[in-house]
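To start, the structure itself, in C-alpha cells.
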Number of protein chains: 2
Amino acid sequence: MVEPPVHLATPYLVVDLDVLERNVTSMAQTAHRRGVSLRPHVKTHKCLEIASRQLAAGAIGITVATVSEAETFVDGGFENIFIAYPLWVDPARGARLRSLSERCSLLIGIDSAESAESLARNGAGSDALGVLIEIDSGYHRTGVAAYGAAELASAALRVGLDVRGVFTFPGHGYGPGQAAAAATDEAQALESATAALRAVGIEPGIVSGGSTPTAALTHHGSATEMRPGSYVFNDAQQLELGSCVPADVALSAWATVVSRAPGQFVLDAGSKVLGADRPAWASGYGRLADYPDARLIALSEHHATVAWPGYIAQPALGTLLRVVPNHVCSAVNLADNLVVMRDGVVVDCWRVAARGANS
Amino acid sequence: MVEPPVHLATPYLVVDLDVLERNVTSMAQTAHRRGVSLRPHVKTHKCLEIASRQLAAGAIGITVATVSEAETFVDGGFENIFIAYPLWVDPARGARLRSLSERCSLLIGIDSAESAESLARNGAGSDALGVLIEIDSGYHRTGVAAYGAAELASAALRVGLDVRGVFTFPGHGYGPGQAAAAATDEAQALESATAALRAVGIEPGIVSGGSTPTAALTHHGSATEMRPGSYVFNDAQQLELGSCVPADVALSAWATVVSRAPGQFVLDAGSKVLGADRPAWASGYGRLADYPDARLIALSEHHATVAWPGYIAQPALGTLLRVVPNHVCSAVNLADNLVVMRDGVVVDCWRVAARGANS
C-alpha cells in the first residue's frame with residue numbers, strides 16, 4: 001500500500017474493489033466458456049496488483065503496448081509478456097528486448113518485413129523471444145491483410161525469427177452498434193491468416209484477438225486467446241457502447257462542485273484527470289456515475305462543465321460527485337496512484353507502476 | 001539536470017531552448033509595451049527551470065491552477081503565486097492554504113459568496129493571502145458577471161477576506177477568428193468590473209486578464225496584468241489559430257515511424273504522449289513540425305496515424321519525426337521530463353515538477 005493522495009483532496013481516482021474483482025472473474029469465465037486463453041492488456045490499469053489478480057483468475061500472461069511497460073511488469077515478477085505493437089527495433093531498443101527475453105517469455109508483434117529484420121538484427125538471440133504477425137481485421141491502423149500473413153511470416157522465418165502465430169485488434173468495434181460486425185471481421189481475419197500460414201507449412205500456435213466490446217461476441221473462428229483490457233474498470237465509452245452496465249464500472253474520478261450557474265456547474269476534474277478523449281458519438285466528456293441524465297458538455301484542464309437536468313435540484317458547492325471517464329486507460333495514465341475502496345471504505349492505494357511508460 | 005529518458009527511446013518531448021527563450025522574452029516585451037505586469041500561467045510547463053526564466057525576464061510572479069501546483073513551486077523557491085481557480089476550501093485544503101500563505105504571497109480566485117465563506121472559515125488568517133474576484137468575460141465557464149463583482153467583493157469583505165482585485169480568462173478566444181472579439185470582451189468585462197468595485201468604494205489593485213491568443217491584442221482597458229501560459233512553447237492549436245508561426249513552436253514530441261500503408265503511416269506517439277485534445281476546428285490530432293501538409297487523422301494510445309501528402313516520398317520505417325501536440329499543456333502533463341536541446345544537441349533535461357499536481 002502506497003500513501004493515499006494528500007488528505008484525499010479532490011480530484012482523485014477511486015477503484016471499487018468489489019466491482020473490479022467481479023469484472024476480472026467474469027472475463028476469465030467468458031474466456032473459459034469460449035475455450036480461449038486470456039492474455040489481458042494491462043495498459044488499461046498499469047498496476048501490478050491488478051495484473052496479479054488477472055493471473056490468479058486464470059490469465060496465461062499479460063499484454064503490454066511498450067517495451068517500458070514490459071520492463072515495469074518484469075520488474076514486478078511477471079513472466080509471460082506479449083508486446084502487442086509493431087516495434088521498430090534500433091540497437092538500443094534491441095538491447096532492452098534481449099535483456100527482457102532473458103527474464104521472461106516474450107512475444108513481440110511485427111507487421112512488416114523491415115521491422116522483422118530490425119528485430120532480428122538488433123533484438124533477437126534468445127529462445128524465449130517469439131513473434132506474432134499482426135493482421136489488420138478492419139481497423140486499418142497497423143497490421144497486414146490476412147492474405148499477406150504467409151509472406152510476412154516467411155520473411156520473418158528467413159531472418160531467423162521464431163514465428164509463433166498471429167494477432168489482431170478489432171478497434172473498429174468501438175462505435176455504436178459496430179461490435180458484432182467487428183467481431184465477425186476479427187474471426188474471419190484470424191481464420192484466413194491461420195489458413196494462409198498453414199498453406200505454407202507454418203502452424204500458428206497462437207491466434208490472438210479481442211477487445212472489451214468484442215470479447216463476448218466472438219463464438220467461432222480459430223482464435224486461441226483474447227486480449228481485452230478495459231473490462232477491469234469499464235468506462236463511459238463502454239457504457240455508451242453497451243459493452244457494460246453501470247454496475248460494472250469499477251473506476252471513477254471523485255470531484256468537487258466548485259462553481260455554479262443556472263442549469264450548469266463546474267467540477268474540479270478536468271482533462272488532466274479524465275483525459276480529453278471524446279469520440280464523435282459520445283454524449284460528452286464522461287458521465288456522472290449517479291446522475292445518468294447529466295452531461296459533461298465542456299472540459300478544460302481543471303474544469304468539467306456539467307449540464308444538469310432541470311428535474312433535480314442542483315448539488316451545492318462543495319458536493320463530491322463521481323465522474324466516469326470516457327476512456328479509462330487515458331485517465332489512469334494521468335494518475336500516480338489509485339485509491340482502492342470496498343463498501344465505501346478506503347482499503348488500499350495502488351501505484352500506477354507503468355504510468356507514463358511510453359517508450 | 002535529471003537523467004534523460006532511457007537511450008532517448010521514442011516517444012519523448014523535446015524543448016528547443018533557443019525558441020523557448022525567445023518566446024519568454026517576446027511575451028515579456030509585449031507586457032512591457034502594453035504597460036501591464038506579466039504573471040504567466042505555469043500549468044503549461046510545470047517546470048521550475050522555465051518559471052525561473054520567466055521571472056528573470058520580468059514576470060512579477062506566477063499563476064497556477066491548483067493548490068498542489070502552488071506547493072510544488074513554493075517548494076521550488078517561488079514567492080508570489082496566484083491560484084487562478086475558484087477553490088472550494090474544506091478544512092484540509094484550508095490547512096494547506098494557510099501553510100502556503102506563511103511561505104509566499106498568495107492570491108486565490110473566488111466566484112461565489114459560498115466559496116469566499118469556505119475560504120474565510122478554513123483557509124484565511126494570514127496577511128499574505130488575498131483574493132481576486134473571478135469575472136466571466138464571455139467564456140461562460142466560471143466567474144460572475146462584471147456587474148456582480150461589487151456584490152461578491154462586498155460579501156468577501158464581510159467575511160474578512162482581503163479583496164485585491166478582479167481577474168478573468170477569455171477562453172472563448174480559442175476558436176478561429178475569435179481572439180480579437182474575446183480580447184474586446186475581456187477588456188470591457190474588466191473595465192466594467194473595475195467600475196463596479198469603485199462604485200462601492202473598493203479600489204482593485206489587480207485587474208488581471210489574458211491568454212496566449214489575446215495577449216497581444218488587448219491595447220486598452222483597465223488591466224494591470226496578464227496571465228498567458230501556452231506562449232512559452234506554443235502548439236498546434238496556437239499555430240492553427242494564428243497566435244504563432246511555426247518558428248515559434250518550442251516543444252515537439254519526437255516519434256518513430258513504426259508501420260506503413262499506402263498513403264499513410266503510423267508514429268509511436270499516441271494520446272498517452274500528445275494528449276487527446278482535439279477542438280472541432282483543428283485539422284487533426286497535432287501537426288508534423290516539418291511537413292505542414294501531413295495530417296494526423298487518428299490517434300490511439302500509442303499510435304498516431306498520419307495521412308501523407310502524395311507529392312512527397314513516404315518516410316521509411318524507423319524515421320524520426322517531430323510532432324507538435326494540439327494542446328501543449330496536456331502533452332507536458334503526461335511526461336516526467338523534457339529533453340532540452342539547443343542547435344540539435346541535448347543540453348539539459350528538466351523534470352516536469354508539477355506533473356499530475358491536480359489537487
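Just remember, in the C-alpha cells the first chain shown is A, the second B, etc., residues are 1-based per chain, and ligands are 1-based in the order shown.
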
Could you give me, as a ChimeraX atom specification, each residue of segment 126-346 of chain B that DSSP assigns to helix (DSSP H, G or I) when run on this structure's backbone? /B:146-158,171-173,179-199,230-232,236-241,246-248,271-274,328-332

Segment 241-248 of chain B surroundings by only C-alpha atoms, 10 Å radius, close-in-sequence under 5 positions cut, as JSON, numbers by chain: {"B": [16, 18, 19, 20, 22, 23, 173, 174, 175, 176, 177, 178, 179, 212, 213, 214, 215, 216, 231, 232, 233, 234, 235, 236, 281, 282, 289, 290, 292, 324]}

Only C-alpha atoms, please: the residues just picked out, written as an mmCIF file, in the first residue's frame.
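Once written, out.cif looks like this:
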data_model
loop_
_atom_site.group_PDB
_atom_site.id
_atom_site.type_symbol
_atom_site.label_atom_id
_atom_site.label_comp_id
_atom_site.auth_asym_id
_atom_site.auth_seq_id
_atom_site.Cartn_x
_atom_site.Cartn_y
_atom_site.Cartn_z
ATOM 1 C CA ASP B 16 14.073 23.871 -28.353
ATOM 2 C CA ASP B 18 16.502 28.960 -28.313
ATOM 3 C CA VAL B 19 12.844 29.183 -29.275
ATOM 4 C CA LEU B 20 11.683 28.900 -25.661
ATOM 5 C CA ARG B 22 12.810 33.879 -27.468
ATOM 6 C CA ASN B 23 9.148 33.243 -26.563
ATOM 7 C CA GLY B 173 -10.771 33.335 -27.866
ATOM 8 C CA TYR B 174 -9.760 29.731 -28.589
ATOM 9 C CA GLY B 175 -11.546 29.497 -31.926
ATOM 10 C CA PRO B 176 -10.639 30.554 -35.450
ATOM 11 C CA GLY B 177 -11.007 34.315 -35.817
ATOM 12 C CA GLN B 178 -12.382 34.715 -32.297
ATOM 13 C CA ALA B 179 -9.366 36.114 -30.467
ATOM 14 C CA THR B 212 -1.895 33.481 -25.286
ATOM 15 C CA PRO B 213 -4.276 34.182 -28.209
ATOM 16 C CA THR B 214 -5.443 37.523 -26.766
ATOM 17 C CA ALA B 215 -2.195 38.661 -25.125
ATOM 18 C CA ALA B 216 -1.012 40.971 -27.871
ATOM 19 C CA TYR B 231 3.241 31.059 -25.260
ATOM 20 C CA VAL B 232 6.413 29.540 -23.796
ATOM 21 C CA PHE B 233 6.024 26.513 -26.090
ATOM 22 C CA ASN B 234 3.068 27.206 -28.395
ATOM 23 C CA ASP B 235 1.357 24.213 -30.015
ATOM 24 C CA ALA B 236 -0.718 23.112 -32.995
ATOM 25 C CA TRP B 281 -11.900 23.229 -35.778
ATOM 26 C CA ALA B 282 -8.467 21.558 -35.589
ATOM 27 C CA ALA B 289 6.658 20.150 -37.478
ATOM 28 C CA ASP B 290 8.481 19.608 -40.755
ATOM 29 C CA PRO B 292 2.778 21.108 -42.919
ATOM 30 C CA VAL B 324 3.599 19.287 -32.465
#

### Exercise: Asn358 of chain B partners within 10 Å, only C-alpha atoms, chain neighbours under 5 positions left out, as a list in words
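Skipping anything fewer than 5 positions along the chain leaves Ala9, Thr10, Pro11, Tyr12, Asp268, Ala269, Gly270, Lys272, Val273, Glu301, His302, Leu334 and Ala335 of chain A; Ala65, Thr66, Val67, Ser68 and Glu69 of chain B.
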
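The closest residue to chain A, picked from B:Leu239, B:Ala180, B:Val258, B:Cys349 and counting only C-alpha atoms, is B:Val258.
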
Could you pull out the residues in segment 178-313 of chain A that DSSP calls strand (DSSP E) from the backbone, as a ChimeraX atom specification?
/A:206-209,225-226,251-261,264-267,286-288,295-300,303-307

File dump, residues just selected, N, CA and C atoms, as a short mmCIF file (atom, residue, chain, number, x, y, z; two decimals), in the first residue's frame:
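Ended up saving to part07.cif:
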data_model
loop_
_atom_site.label_atom_id
_atom_site.label_comp_id
_atom_site.auth_asym_id
_atom_site.auth_seq_id
_atom_site.Cartn_x
_atom_site.Cartn_y
_atom_site.Cartn_z
N ILE A 206 -0.39 -19.64 -31.66
CA ILE A 206 -1.15 -18.57 -31.01
C ILE A 206 -1.94 -17.80 -32.06
N VAL A 207 -3.25 -17.71 -31.86
CA VAL A 207 -4.13 -16.93 -32.74
C VAL A 207 -4.90 -16.01 -31.80
N SER A 208 -4.49 -14.73 -31.78
CA SER A 208 -4.89 -13.84 -30.68
C SER A 208 -5.74 -12.68 -31.18
N GLY A 209 -6.87 -12.46 -30.54
CA GLY A 209 -7.73 -11.35 -30.93
C GLY A 209 -8.26 -10.65 -29.71
N GLU A 225 -6.73 -17.27 -28.15
CA GLU A 225 -6.65 -16.40 -26.97
C GLU A 225 -7.27 -15.05 -27.29
N MET A 226 -7.55 -14.28 -26.21
CA MET A 226 -8.03 -12.90 -26.42
C MET A 226 -7.35 -11.95 -25.43
N LEU A 251 -14.19 2.15 -11.85
CA LEU A 251 -13.31 3.30 -11.58
C LEU A 251 -14.05 4.60 -11.84
N SER A 252 -13.89 5.54 -10.92
CA SER A 252 -14.45 6.87 -11.14
C SER A 252 -13.50 7.90 -10.56
N ALA A 253 -13.61 9.11 -11.11
CA ALA A 253 -12.86 10.25 -10.58
C ALA A 253 -13.78 10.97 -9.61
N TRP A 254 -13.32 11.12 -8.39
CA TRP A 254 -14.13 11.85 -7.42
C TRP A 254 -13.77 13.34 -7.51
N ALA A 255 -14.79 14.14 -7.62
CA ALA A 255 -14.56 15.56 -7.90
C ALA A 255 -15.52 16.41 -7.08
N THR A 256 -15.16 17.67 -6.90
CA THR A 256 -15.94 18.60 -6.07
C THR A 256 -16.60 19.66 -6.94
N VAL A 257 -17.86 19.98 -6.63
CA VAL A 257 -18.53 21.10 -7.28
C VAL A 257 -17.88 22.39 -6.78
N VAL A 258 -17.27 23.17 -7.70
CA VAL A 258 -16.55 24.38 -7.29
C VAL A 258 -17.22 25.67 -7.76
N SER A 259 -18.12 25.58 -8.72
CA SER A 259 -18.72 26.80 -9.26
C SER A 259 -20.09 26.44 -9.83
N ARG A 260 -21.07 27.35 -9.69
CA ARG A 260 -22.42 27.06 -10.17
C ARG A 260 -22.98 28.22 -10.99
N ALA A 261 -23.82 27.87 -11.95
CA ALA A 261 -24.57 28.85 -12.74
C ALA A 261 -25.91 28.21 -13.03
N GLN A 264 -26.20 24.69 -14.87
CA GLN A 264 -24.91 24.00 -15.01
C GLN A 264 -24.00 24.30 -13.82
N PHE A 265 -23.00 23.45 -13.66
CA PHE A 265 -21.99 23.72 -12.64
C PHE A 265 -20.66 23.15 -13.10
N VAL A 266 -19.61 23.45 -12.35
CA VAL A 266 -18.26 23.04 -12.72
C VAL A 266 -17.67 22.14 -11.63
N LEU A 267 -17.09 21.02 -12.07
CA LEU A 267 -16.37 20.11 -11.18
C LEU A 267 -14.87 20.33 -11.34
N GLY A 286 -17.50 12.32 -20.53
CA GLY A 286 -17.56 11.39 -19.43
C GLY A 286 -19.00 11.37 -18.93
N ARG A 287 -19.25 10.61 -17.88
CA ARG A 287 -20.61 10.55 -17.32
C ARG A 287 -20.53 10.70 -15.80
N LEU A 288 -21.59 11.24 -15.21
CA LEU A 288 -21.68 11.21 -13.75
C LEU A 288 -22.26 9.86 -13.34
N ARG A 295 -24.92 15.77 -18.27
CA ARG A 295 -23.99 15.69 -19.40
C ARG A 295 -22.75 16.53 -19.14
N LEU A 296 -21.58 15.98 -19.43
CA LEU A 296 -20.34 16.75 -19.32
C LEU A 296 -20.13 17.47 -20.66
N ILE A 297 -20.55 18.73 -20.72
CA ILE A 297 -20.61 19.41 -22.02
C ILE A 297 -19.32 20.13 -22.39
N ALA A 298 -18.45 20.35 -21.45
CA ALA A 298 -17.18 21.02 -21.77
C ALA A 298 -16.13 20.57 -20.79
N LEU A 299 -14.90 20.55 -21.25
CA LEU A 299 -13.80 20.09 -20.40
C LEU A 299 -12.61 20.99 -20.67
N SER A 300 -12.06 21.58 -19.61
CA SER A 300 -10.74 22.17 -19.78
C SER A 300 -9.83 21.50 -18.76
N HIS A 303 -11.41 21.88 -15.22
CA HIS A 303 -12.84 22.16 -15.13
C HIS A 303 -13.61 21.17 -16.00
N ALA A 304 -14.64 20.55 -15.41
CA ALA A 304 -15.63 19.83 -16.21
C ALA A 304 -16.94 20.58 -16.02
N THR A 305 -17.51 21.06 -17.13
CA THR A 305 -18.78 21.76 -17.05
C THR A 305 -19.91 20.76 -17.24
N VAL A 306 -20.80 20.70 -16.24
CA VAL A 306 -21.88 19.72 -16.24
C VAL A 306 -23.20 20.43 -16.52
N ALA A 307 -23.90 19.98 -17.57
CA ALA A 307 -25.28 20.46 -17.80
C ALA A 307 -26.18 19.56 -16.97
#

Which residues come within 10 Å of Ile135 of chain B, counting only C-alpha atoms, excluding same-chain residues fewer than 3 positions away, as a PDB file with N, CA and C atoms, in the first residue's frame?
ATOM      1  N   GLY B 109      -8.492  32.796  -6.327  1.00  0.00           N
ATOM      2  CA  GLY B 109      -9.700  33.229  -7.019  1.00  0.00           C
ATOM      3  C   GLY B 109     -10.946  32.827  -6.249  1.00  0.00           C
ATOM      4  N   ILE B 110     -11.995  33.662  -6.317  1.00  0.00           N
ATOM      5  CA  ILE B 110     -13.311  33.260  -5.794  1.00  0.00           C
ATOM      6  C   ILE B 110     -14.366  33.685  -6.810  1.00  0.00           C
ATOM      7  N   ASP B 111     -15.432  32.868  -6.912  1.00  0.00           N
ATOM      8  CA  ASP B 111     -16.512  33.293  -7.808  1.00  0.00           C
ATOM      9  C   ASP B 111     -17.889  33.106  -7.191  1.00  0.00           C
ATOM     10  N   LEU B 132      -8.906  37.447  -5.482  1.00  0.00           N
ATOM     11  CA  LEU B 132      -9.337  38.158  -6.683  1.00  0.00           C
ATOM     12  C   LEU B 132     -10.704  37.600  -7.084  1.00  0.00           C
ATOM     13  N   GLY B 138     -17.179  36.022 -20.998  1.00  0.00           N
ATOM     14  CA  GLY B 138     -17.807  35.507 -22.211  1.00  0.00           C
ATOM     15  C   GLY B 138     -17.518  34.035 -22.482  1.00  0.00           C
ATOM     16  N   TYR B 139     -16.605  33.438 -21.680  1.00  0.00           N
ATOM     17  CA  TYR B 139     -16.283  32.027 -21.873  1.00  0.00           C
ATOM     18  C   TYR B 139     -17.345  31.146 -21.215  1.00  0.00           C
ATOM     19  N   HIS B 140     -18.055  31.695 -20.233  1.00  0.00           N
ATOM     20  CA  HIS B 140     -19.159  31.010 -19.551  1.00  0.00           C
ATOM     21  C   HIS B 140     -18.728  29.685 -18.930  1.00  0.00           C
ATOM     22  N   THR B 142     -16.535  29.732 -15.547  1.00  0.00           N
ATOM     23  CA  THR B 142     -16.641  30.116 -14.137  1.00  0.00           C
ATOM     24  C   THR B 142     -16.634  31.644 -14.075  1.00  0.00           C
ATOM     25  N   GLY B 143     -16.836  32.173 -12.877  1.00  0.00           N
ATOM     26  CA  GLY B 143     -16.809  33.624 -12.726  1.00  0.00           C
ATOM     27  C   GLY B 143     -18.205  34.228 -12.677  1.00  0.00           C
ATOM     28  N   VAL B 144     -18.282  35.434 -12.094  1.00  0.00           N
ATOM     29  CA  VAL B 144     -19.554  36.157 -12.035  1.00  0.00           C
ATOM     30  C   VAL B 144     -19.572  37.212 -13.137  1.00  0.00           C
ATOM     31  N   ALA B 145     -20.766  37.650 -13.504  1.00  0.00           N
ATOM     32  CA  ALA B 145     -20.878  38.740 -14.480  1.00  0.00           C
ATOM     33  C   ALA B 145     -20.219  39.988 -13.898  1.00  0.00           C
ATOM     34  N   ALA B 146     -19.715  40.840 -14.790  1.00  0.00           N
ATOM     35  CA  ALA B 146     -18.993  42.034 -14.326  1.00  0.00           C
ATOM     36  C   ALA B 146     -19.831  42.848 -13.347  1.00  0.00           C
ATOM     37  N   TYR B 147     -21.149  42.972 -13.620  1.00  0.00           N
ATOM     38  CA  TYR B 147     -21.993  43.791 -12.733  1.00  0.00           C
ATOM     39  C   TYR B 147     -22.156  43.152 -11.355  1.00  0.00           C
ATOM     40  N   GLY B 148     -21.820  41.835 -11.243  1.00  0.00           N
ATOM     41  CA  GLY B 148     -21.930  41.162  -9.948  1.00  0.00           C
ATOM     42  C   GLY B 148     -20.666  41.243  -9.109  1.00  0.00           C
ATOM     43  N   ALA B 149     -19.631  41.880  -9.660  1.00  0.00           N
ATOM     44  CA  ALA B 149     -18.344  41.914  -8.962  1.00  0.00           C
ATOM     45  C   ALA B 149     -18.444  42.611  -7.606  1.00  0.00           C
ATOM     46  N   VAL B 166      -9.704  41.886  -9.413  1.00  0.00           N
ATOM     47  CA  VAL B 166     -10.531  41.006 -10.252  1.00  0.00           C
ATOM     48  C   VAL B 166      -9.657  40.304 -11.294  1.00  0.00           C
ATOM     49  N   PHE B 167     -10.174  39.177 -11.808  1.00  0.00           N
ATOM     50  CA  PHE B 167      -9.477  38.508 -12.922  1.00  0.00           C
ATOM     51  C   PHE B 167     -10.489  37.834 -13.825  1.00  0.00           C
ATOM     52  N   THR B 168     -10.063  37.574 -15.064  1.00  0.00           N
ATOM     53  CA  THR B 168     -10.905  36.845 -16.000  1.00  0.00           C
ATOM     54  C   THR B 168     -10.026  36.029 -16.940  1.00  0.00           C
ATOM     55  N   PHE B 169     -10.643  35.023 -17.573  1.00  0.00           N
ATOM     56  CA  PHE B 169      -9.940  34.235 -18.593  1.00  0.00           C
ATOM     57  C   PHE B 169     -10.802  34.225 -19.856  1.00  0.00           C
ATOM     58  N   PRO B 170     -10.325  34.871 -20.933  1.00  0.00           N
ATOM     59  CA  PRO B 170     -11.128  34.945 -22.155  1.00  0.00           C
ATOM     60  C   PRO B 170     -10.952  33.693 -23.006  1.00  0.00           C
ATOM     61  N   GLU B 186     -12.952  40.784 -23.013  1.00  0.00           N
ATOM     62  CA  GLU B 186     -12.125  40.747 -21.804  1.00  0.00           C
ATOM     63  C   GLU B 186     -11.885  42.161 -21.268  1.00  0.00           C
ATOM     64  N   ALA B 189     -15.132  43.623 -19.887  1.00  0.00           N
ATOM     65  CA  ALA B 189     -15.549  42.997 -18.626  1.00  0.00           C
ATOM     66  C   ALA B 189     -14.685  43.496 -17.470  1.00  0.00           C
ATOM     67  N   LEU B 190     -13.390  43.578 -17.703  1.00  0.00           N
ATOM     68  CA  LEU B 190     -12.500  44.055 -16.635  1.00  0.00           C
ATOM     69  C   LEU B 190     -12.776  45.527 -16.316  1.00  0.00           C
ATOM     70  N   SER B 192     -15.698  47.096 -16.726  1.00  0.00           N
ATOM     71  CA  SER B 192     -16.982  47.170 -16.013  1.00  0.00           C
ATOM     72  C   SER B 192     -16.840  46.715 -14.571  1.00  0.00           C
ATOM     73  N   ALA B 193     -16.088  45.634 -14.372  1.00  0.00           N
ATOM     74  CA  ALA B 193     -15.916  45.121 -13.007  1.00  0.00           C
ATOM     75  C   ALA B 193     -15.160  46.127 -12.148  1.00  0.00           C
ATOM     76  N   SER B 208      -6.688  41.546 -13.733  1.00  0.00           N
ATOM     77  CA  SER B 208      -5.856  40.540 -14.395  1.00  0.00           C
ATOM     78  C   SER B 208      -6.620  39.830 -15.498  1.00  0.00           C
ATOM     79  N   GLY B 209      -6.032  39.737 -16.668  1.00  0.00           N
ATOM     80  CA  GLY B 209      -6.677  39.048 -17.786  1.00  0.00           C
ATOM     81  C   GLY B 209      -5.667  38.227 -18.544  1.00  0.00           C
TER      82      GLY B 209
END
